[in-house]
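These notes are about the structure you will find just below.
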Amino acid sequence: MKKQLINLGTAVLLRAVFGIFCFPSPYPLAAQELTPSFAIQHVDVFDGYRMLRDQTVVVESGMIQSVLPSIQAASAGAEIIDGHGKTLLPGLIDAHVHIGQVNSLEQAAALGVTTELDMYASDPQSLMRWRAEIEHGQRPNAADLRTAGYGVTVPRGHPTEFSRPPGIPPLPTLGPKDDPQRFVDDRIVEGSDYIKVIYEHQGPTLTKEQLGAIVRAAHRRSKLVIAHISTQAEAYDAIEAGADGLGHIFMDSPPRADFAALAASHHIFVIGTLSVLQAFSRASKGAELAADPRLGPFIYGTGWQMLHIQLPESATKNNHFTYAEMAIRQLHSAGVPLLAGTDAPNPDTAWGVSLHNELVLLVESGLTPIDALHAATAGVTEQFCLVDRGRIEPGRRADMLLVDGDPSKDILVTRNIVAVWTAGHRVDRELIKERVQQDRKQSSKPRAE
């Protein structure tokens, strides 16, 4: 525990020195303290940055206690798991999802995604309740979560066009005379971990002045700002306004020669969400993912339906996925941090499953498998200040994914899931599979007229 405090304290200090807002997780591991000790022996380890061969990883009370070459490691009194031919990774993190139902967190965990970053909650109160239940061990098979809560949008701006369930209040919006600081402060009171701004000109949107004011208001409260953009022009505005991250990359035009240099000079990170952009450019992959026997059995009915949605040509004809790939390649060459995020559950995407596709798309856009794995683990925790996870090292939460094979050589290996742990608790994937089967049977029954 002492080493854990040293690691967390050092991380907080370093992030503060470099002007980024970072605090230890407020959610303790008290509920996981009774998890059994275990050791994974003779396993290759991706620690969030690099591969370590033939290691023994010891876990006690939900925390990683040691990572040592197997020839040196001792594991007396612990359950022993044979890691020959396998790779242990940090639990994957999806840096851009929308959580509308609690079973999505089980689905994600079963598929190796142990933390989900919600980027606009339709009902923040539900997310706060689920997060508290996870904290207190009441949902042991669920992924952990963070949320932007309600995003910042204007009257009639995106996503106000979507209908709201009965009993759920209308989305709050920022009018031309409203105080940006008050709006941000209200979101923080509701539980927002970071601030999401919607800056999209397909409908009413924030002015440049409002965008800058929101960024300044969030930074006064030490909150990151992630900007939803759709076009290259919007990306430039968001970067110049001081946003900390882009929630998407664009595909309306080829990246300008100076785009990556501008992003690098402003120290911004980019969540590509290539999975959803691929779907919106006539390159659907959802049905293929659902048919993968390593993934399909763990997809609840809602996710299954989303993966099989075929978008009309009117929604895809003006989009160019190659432009998004070009931008990702340019950003990567410039050293801009790239994070793996899917925007699930948009059409053709679903929680957990689509992150495995996102890793493939990052590799196809110029990243190495190691780079892509970093983008879904330590890369996310660095930017979002989740200093207790995302690494396989002593003092970190035992959020871990064990797979058959070596994903540093073949990124598709992340789908060969052997086991998943959240804070040292082994996720009951068989139980989730049974629940998925029941859910699909129920959702396939005809409804009474």
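To be explicit about the labels: the chains of the structure tokens are called A, B, and onward in the order shown, and within each one the residues are counted from 1, while ligands get numbers from 1 in the order they are shown.
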
Query raised in the report: Could you pull the residues within 9 Å of Gln202 (chain A), counting only C-alpha atoms, minus those fewer than 2 positions along the same chain, as a list in words?
Result: Gly157, His158, Glu200, Pro204, Thr205 and Ser230 of chain A

Using the selection just defined, write its residues with C-alpha atoms as a PDB file, in the first residue's frame.
```pdb
ATOM      1  CA  GLY A 157     -28.147  21.854 -31.048  1.00  0.00           C
ATOM      2  CA  HIS A 158     -26.936  18.269 -31.264  1.00  0.00           C
ATOM      3  CA  GLU A 200     -20.841  20.940 -34.828  1.00  0.00           C
ATOM      4  CA  PRO A 204     -27.170  25.326 -34.182  1.00  0.00           C
ATOM      5  CA  THR A 205     -23.938  25.225 -32.202  1.00  0.00           C
ATOM      6  CA  SER A 230     -17.174  16.714 -37.328  1.00  0.00           C
TER       7      SER A 230
END
```

Query raised in the report: Using only C-alpha atoms, which residues sit within 12 Å of Pro124 (chain A) once same-chain residues fewer than 2 positions away are excluded, as a ChimeraX atom specification?
Result: /A:98-101,118-122,126-131,145-151,168-169,171-172,187-193

The selected residues should be written to file as a compact mmCIF listing (two decimals), in the first residue's frame (atoms: N, CA and C atoms).
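Wrote it out as selection_25.txt, contents follow:
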```txt
# COMPACT_ATOMS: atom_id res chain seq x y z
N HIS A 98 -21.06 5.92 -24.91
CA HIS A 98 -22.27 6.51 -24.31
C HIS A 98 -22.98 5.37 -23.59
N ILE A 99 -23.12 5.50 -22.28
CA ILE A 99 -23.65 4.43 -21.45
C ILE A 99 -25.12 4.70 -21.16
N GLY A 100 -25.99 3.89 -21.77
CA GLY A 100 -27.41 4.09 -21.57
C GLY A 100 -28.08 3.00 -20.77
N GLN A 101 -27.37 1.90 -20.57
CA GLN A 101 -27.94 0.79 -19.81
C GLN A 101 -26.83 0.10 -19.05
N ASP A 118 -17.62 7.65 -20.52
CA ASP A 118 -18.85 8.14 -21.14
C ASP A 118 -18.64 9.59 -21.59
N MET A 119 -19.11 9.90 -22.81
CA MET A 119 -18.86 11.22 -23.39
C MET A 119 -20.13 12.04 -23.63
N TYR A 120 -21.21 11.67 -23.03
CA TYR A 120 -22.44 12.48 -22.97
C TYR A 120 -23.50 11.58 -22.42
N ALA A 121 -23.90 11.81 -21.21
CA ALA A 121 -24.87 10.94 -20.55
C ALA A 121 -26.28 11.45 -20.81
N SER A 122 -27.16 10.55 -21.20
CA SER A 122 -28.56 10.93 -21.35
C SER A 122 -29.24 11.05 -19.99
N SER A 126 -28.50 8.10 -13.31
CA SER A 126 -28.36 6.64 -13.40
C SER A 126 -26.90 6.24 -13.38
N LEU A 127 -26.06 6.98 -14.10
CA LEU A 127 -24.64 6.66 -14.11
C LEU A 127 -24.02 6.82 -12.73
N MET A 128 -24.44 7.86 -12.01
CA MET A 128 -23.91 8.05 -10.65
C MET A 128 -24.32 6.89 -9.75
N ARG A 129 -25.54 6.41 -9.92
CA ARG A 129 -26.01 5.28 -9.11
C ARG A 129 -25.24 4.01 -9.45
N TRP A 130 -25.05 3.74 -10.74
CA TRP A 130 -24.32 2.54 -11.14
C TRP A 130 -22.86 2.61 -10.68
N ARG A 131 -22.28 3.80 -10.75
CA ARG A 131 -20.90 3.94 -10.32
C ARG A 131 -20.76 3.67 -8.83
N LEU A 145 -16.49 3.12 -14.68
CA LEU A 145 -16.86 4.17 -15.61
C LEU A 145 -16.50 5.55 -15.08
N ARG A 146 -16.33 6.48 -15.99
CA ARG A 146 -16.26 7.91 -15.73
C ARG A 146 -17.19 8.57 -16.73
N THR A 147 -17.58 9.80 -16.48
CA THR A 147 -18.58 10.41 -17.36
C THR A 147 -18.40 11.92 -17.48
N ALA A 148 -18.79 12.42 -18.64
CA ALA A 148 -18.90 13.86 -18.85
C ALA A 148 -20.23 14.39 -18.35
N GLY A 149 -21.14 13.49 -17.98
CA GLY A 149 -22.49 13.94 -17.64
C GLY A 149 -23.13 14.57 -18.86
N TYR A 150 -23.96 15.58 -18.64
CA TYR A 150 -24.52 16.31 -19.76
C TYR A 150 -23.43 17.11 -20.45
N GLY A 151 -23.39 17.04 -21.77
CA GLY A 151 -22.45 17.86 -22.51
C GLY A 151 -22.95 19.28 -22.65
N ILE A 168 -37.64 11.60 -18.05
CA ILE A 168 -36.28 12.14 -18.08
C ILE A 168 -36.36 13.59 -18.53
N PRO A 169 -35.81 14.54 -17.78
CA PRO A 169 -35.94 15.95 -18.13
C PRO A 169 -35.22 16.29 -19.43
N LEU A 171 -32.62 17.95 -22.08
CA LEU A 171 -31.19 18.23 -21.95
C LEU A 171 -30.98 19.70 -21.61
N PRO A 172 -30.09 20.00 -20.67
CA PRO A 172 -29.78 21.41 -20.42
C PRO A 172 -29.00 21.98 -21.60
N ARG A 187 -22.65 21.17 -14.07
CA ARG A 187 -22.27 19.84 -14.53
C ARG A 187 -21.38 19.15 -13.48
N ILE A 188 -20.48 19.91 -12.91
CA ILE A 188 -19.57 19.33 -11.91
C ILE A 188 -20.35 18.89 -10.68
N VAL A 189 -21.33 19.68 -10.25
CA VAL A 189 -22.18 19.31 -9.11
C VAL A 189 -22.91 18.00 -9.41
N GLU A 190 -23.32 17.81 -10.67
CA GLU A 190 -24.01 16.57 -11.06
C GLU A 190 -23.08 15.36 -11.09
N GLY A 191 -21.77 15.60 -11.08
CA GLY A 191 -20.83 14.49 -11.05
C GLY A 191 -19.94 14.35 -12.27
N SER A 192 -19.93 15.34 -13.15
CA SER A 192 -19.10 15.24 -14.36
C SER A 192 -17.62 15.18 -13.98
N ASP A 193 -16.92 14.20 -14.56
CA ASP A 193 -15.48 14.05 -14.32
C ASP A 193 -14.66 14.92 -15.26
```

**Report entry** Members of region 235-267 of chain A assigned alpha helix (DSSP H) by DSSP, as a list in words
**Finding:** Ala235, Tyr236, Asp237, Ala238, Ile239, Glu240, Ala241, Phe259, Ala260, Ala261, Leu262, Ala263, Ala264 and Ser265 of chain A

Counting only C-alpha atoms, which residues in region 92-158 of chain A sit no more than 7 Å from region 293-313 of chain A? For each one, give the nearest pair of atoms and the distance in Å, sorted by chain then residue number, as JSON lines.
```
{"residue": "A:Gln107", "atom": "CA", "partner": "A:Phe298", "partner_atom": "CA", "distance": 6.0}
{"residue": "A:Ala110", "atom": "CA", "partner": "A:Phe298", "partner_atom": "CA", "distance": 6.7}
{"residue": "A:Leu111", "atom": "CA", "partner": "A:Leu295", "partner_atom": "CA", "distance": 6.9}
```

Dump of N, CA and C atoms for the selected residues, as an mmCIF file, in the first residue's frame:
```cif
data_model
loop_
_atom_site.group_PDB
_atom_site.id
_atom_site.type_symbol
_atom_site.label_atom_id
_atom_site.label_comp_id
_atom_site.auth_asym_id
_atom_site.auth_seq_id
_atom_site.Cartn_x
_atom_site.Cartn_y
_atom_site.Cartn_z
ATOM 1 N N GLN A 107 -21.172 -6.235 -20.477
ATOM 2 C CA GLN A 107 -20.745 -6.622 -21.819
ATOM 3 C C GLN A 107 -19.315 -6.172 -22.076
ATOM 4 N N ALA A 110 -16.792 -8.308 -20.002
ATOM 5 C CA ALA A 110 -16.632 -9.658 -20.541
ATOM 6 C C ALA A 110 -15.724 -9.669 -21.758
ATOM 7 N N LEU A 111 -15.661 -8.542 -22.460
ATOM 8 C CA LEU A 111 -14.854 -8.442 -23.672
ATOM 9 C C LEU A 111 -13.529 -7.729 -23.428
#
```

**Report entry** Those of region 182-263 of chain A in DSSP strand (DSSP E or B), formatted as a VMD selection string
**Finding:** chain A and resid 195 to 198 225 to 228 245 to 246

Write the residues of the selection above to a file with C-alpha atoms, as a PDB file, in the first residue's frame.
```pdb
ATOM      1  CA  ILE A 195     -16.510  18.483 -19.706  1.00  0.00           C
ATOM      2  CA  LYS A 196     -17.747  17.608 -23.201  1.00  0.00           C
ATOM      3  CA  VAL A 197     -18.574  20.403 -25.639  1.00  0.00           C
ATOM      4  CA  ILE A 198     -20.591  19.939 -28.824  1.00  0.00           C
ATOM      5  CA  VAL A 225     -12.466  19.673 -22.018  1.00  0.00           C
ATOM      6  CA  ILE A 226     -13.177  17.240 -24.858  1.00  0.00           C
ATOM      7  CA  ALA A 227     -14.642  18.729 -28.037  1.00  0.00           C
ATOM      8  CA  HIS A 228     -17.073  16.935 -30.312  1.00  0.00           C
ATOM      9  CA  GLY A 245      -8.914  16.665 -26.531  1.00  0.00           C
ATOM     10  CA  LEU A 246     -10.852  16.077 -29.731  1.00  0.00           C
TER      11      LEU A 246
END
```

**Report entry** Residue contacts of Leu88 (chain A) (10 Å, only C-alpha atoms) excluding same-chain residues fewer than 6 positions away, as a PyMOL selection string
**Finding:** chain A and resi 40+43-47+51-52+55+57+392+400-407+418-420

Selection export as a PDB file, in the first residue's frame, atoms kept: N, CA and C atoms:
```pdb
ATOM      1  N   ILE A  40       0.021 -15.110 -11.714  1.00  0.00           N
ATOM      2  CA  ILE A  40       0.066 -15.606 -13.086  1.00  0.00           C
ATOM      3  C   ILE A  40       1.537 -15.805 -13.432  1.00  0.00           C
ATOM      4  N   VAL A  43       4.163 -15.689 -17.873  1.00  0.00           N
ATOM      5  CA  VAL A  43       3.300 -14.977 -18.802  1.00  0.00           C
ATOM      6  C   VAL A  43       4.066 -13.802 -19.398  1.00  0.00           C
ATOM      7  N   ASP A  44       3.845 -13.534 -20.661  1.00  0.00           N
ATOM      8  CA  ASP A  44       4.365 -12.308 -21.257  1.00  0.00           C
ATOM      9  C   ASP A  44       3.447 -11.166 -20.835  1.00  0.00           C
ATOM     10  N   VAL A  45       4.019 -10.007 -20.597  1.00  0.00           N
ATOM     11  CA  VAL A  45       3.268  -8.870 -20.065  1.00  0.00           C
ATOM     12  C   VAL A  45       3.434  -7.660 -20.979  1.00  0.00           C
ATOM     13  N   PHE A  46       2.308  -7.082 -21.397  1.00  0.00           N
ATOM     14  CA  PHE A  46       2.340  -5.739 -21.964  1.00  0.00           C
ATOM     15  C   PHE A  46       1.994  -4.805 -20.819  1.00  0.00           C
ATOM     16  N   ASP A  47       2.942  -3.987 -20.393  1.00  0.00           N
ATOM     17  CA  ASP A  47       2.743  -3.212 -19.160  1.00  0.00           C
ATOM     18  C   ASP A  47       2.081  -1.859 -19.388  1.00  0.00           C
ATOM     19  N   MET A  51       6.627  -4.733 -23.994  1.00  0.00           N
ATOM     20  CA  MET A  51       6.449  -6.143 -23.677  1.00  0.00           C
ATOM     21  C   MET A  51       7.556  -6.611 -22.739  1.00  0.00           C
ATOM     22  N   LEU A  52       7.165  -7.358 -21.725  1.00  0.00           N
ATOM     23  CA  LEU A  52       8.095  -8.003 -20.801  1.00  0.00           C
ATOM     24  C   LEU A  52       7.865  -9.504 -20.910  1.00  0.00           C
ATOM     25  N   GLN A  55       7.173 -13.405 -17.268  1.00  0.00           N
ATOM     26  CA  GLN A  55       7.029 -12.738 -15.973  1.00  0.00           C
ATOM     27  C   GLN A  55       6.068 -13.503 -15.066  1.00  0.00           C
ATOM     28  N   VAL A  57       3.219 -12.287 -12.272  1.00  0.00           N
ATOM     29  CA  VAL A  57       2.485 -11.138 -11.733  1.00  0.00           C
ATOM     30  C   VAL A  57       1.676 -11.613 -10.536  1.00  0.00           C
ATOM     31  N   ILE A 392       0.465  -2.472 -15.936  1.00  0.00           N
ATOM     32  CA  ILE A 392       0.760  -3.678 -15.167  1.00  0.00           C
ATOM     33  C   ILE A 392       2.044  -3.401 -14.416  1.00  0.00           C
ATOM     34  N   MET A 400      -7.133  -6.247 -15.424  1.00  0.00           N
ATOM     35  CA  MET A 400      -6.217  -6.977 -16.289  1.00  0.00           C
ATOM     36  C   MET A 400      -6.979  -7.839 -17.288  1.00  0.00           C
ATOM     37  N   LEU A 401      -6.325  -8.067 -18.407  1.00  0.00           N
ATOM     38  CA  LEU A 401      -6.865  -8.889 -19.494  1.00  0.00           C
ATOM     39  C   LEU A 401      -5.817  -9.918 -19.875  1.00  0.00           C
ATOM     40  N   LEU A 402      -6.191 -11.198 -19.849  1.00  0.00           N
ATOM     41  CA  LEU A 402      -5.294 -12.293 -20.220  1.00  0.00           C
ATOM     42  C   LEU A 402      -5.782 -12.881 -21.537  1.00  0.00           C
ATOM     43  N   VAL A 403      -4.882 -12.963 -22.519  1.00  0.00           N
ATOM     44  CA  VAL A 403      -5.256 -13.471 -23.838  1.00  0.00           C
ATOM     45  C   VAL A 403      -4.284 -14.550 -24.280  1.00  0.00           C
ATOM     46  N   ASP A 404      -4.763 -15.433 -25.137  1.00  0.00           N
ATOM     47  CA  ASP A 404      -3.899 -16.429 -25.773  1.00  0.00           C
ATOM     48  C   ASP A 404      -3.149 -15.778 -26.919  1.00  0.00           C
ATOM     49  N   GLY A 405      -1.809 -15.925 -26.927  1.00  0.00           N
ATOM     50  CA  GLY A 405      -1.024 -15.386 -28.020  1.00  0.00           C
ATOM     51  C   GLY A 405      -0.355 -14.075 -27.659  1.00  0.00           C
ATOM     52  N   ASP A 406       0.144 -13.391 -28.694  1.00  0.00           N
ATOM     53  CA  ASP A 406       0.939 -12.177 -28.512  1.00  0.00           C
ATOM     54  C   ASP A 406       0.350 -11.039 -29.341  1.00  0.00           C
ATOM     55  N   PRO A 407      -0.430 -10.149 -28.728  1.00  0.00           N
ATOM     56  CA  PRO A 407      -1.055  -9.057 -29.492  1.00  0.00           C
ATOM     57  C   PRO A 407      -0.053  -8.012 -29.967  1.00  0.00           C
ATOM     58  N   VAL A 418      -8.887 -15.077 -22.381  1.00  0.00           N
ATOM     59  CA  VAL A 418      -8.851 -16.192 -21.427  1.00  0.00           C
ATOM     60  C   VAL A 418      -9.527 -15.787 -20.119  1.00  0.00           C
ATOM     61  N   ALA A 419      -9.207 -14.580 -19.631  1.00  0.00           N
ATOM     62  CA  ALA A 419      -9.774 -14.113 -18.358  1.00  0.00           C
ATOM     63  C   ALA A 419      -9.676 -12.596 -18.299  1.00  0.00           C
ATOM     64  N   VAL A 420     -10.583 -12.019 -17.499  1.00  0.00           N
ATOM     65  CA  VAL A 420     -10.600 -10.580 -17.252  1.00  0.00           C
ATOM     66  C   VAL A 420     -10.762 -10.375 -15.756  1.00  0.00           C
TER      67      VAL A 420
END
```

Requested in this report: For CA of Val59 (chain A) and CA of Val353 (chain A), determine how far apart the two atoms are, in Å to one decimal place.
Outcome: 26.6 Å

Requested in this report: Can you work out which one of A:Arg435, A:His320, A:Arg426, A:Arg415 has the shortest atom-to-atom distance to Thr87 (chain A), counting only C-alpha atoms?
Outcome: A:Arg415

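Closest approach to Leu367 (chain A) among A:Thr231, A:Gln438, A:Gln330, A:Gln383 is made by A:Gln330 (distances from only C-alpha atoms).
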
Report task. Calculate how many Å separate CA of Ile268 (chain A) from CA of Leu89 (chain A), rounding to one decimal. Result ->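 Computed distance, CA of Ile268 (chain A) to CA of Leu89 (chain A), equals 25.8 Å.
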
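With only C-alpha atoms taken into account, the protein and nucleic acid residues at most 10 Å from Asp252 (chain A) (excluding it and anything under 3 positions from it in its own chain) are Ser230, Thr231, Gln232, Ala233, Ile249, Pro255, Asn318, Asn319, His320, Phe321, Thr322, Tyr323 and Ala324 of chain A.
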
Residue subset to file, keeping C-alpha atoms, as a CSV table (one decimal), in the first residue's frame:
```csv
chain,number,residue,atom,x,y,z
A,230,SER,CA,-17.2,16.7,-37.3
A,231,THR,CA,-15.1,18.8,-39.7
A,232,GLN,CA,-11.5,19.9,-40.0
A,233,ALA,CA,-12.5,23.6,-39.6
A,249,ILE,CA,-11.2,12.9,-36.0
A,255,PRO,CA,-5.7,17.0,-43.3
A,318,ASN,CA,-20.2,12.7,-48.4
A,319,ASN,CA,-17.8,11.0,-45.9
A,320,HIS,CA,-14.3,9.8,-46.8
A,321,PHE,CA,-12.8,7.4,-44.3
A,322,THR,CA,-9.4,7.7,-46.0
A,323,TYR,CA,-9.2,11.3,-44.9
A,324,ALA,CA,-9.6,10.1,-41.3
```

**Report entry** Among listed residues A:Thr273, A:Gln41, A:Thr349, A:Thr316, nearest Phe250 (chain A) (using only C-alpha atoms)
**Finding:**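 Of A:Thr273, A:Gln41, A:Thr349, A:Thr316, the one nearest Phe250 (chain A), counting only C-alpha atoms, is A:Thr273.
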
Query raised in the report: Restricting the calculation to only C-alpha atoms, which member of A:Asp343, A:Asp348, A:Asp123, A:Glu358 is positioned closest to Leu92 (chain A)?
Result: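 The closest residue to Leu92 (chain A) is A:Glu358.
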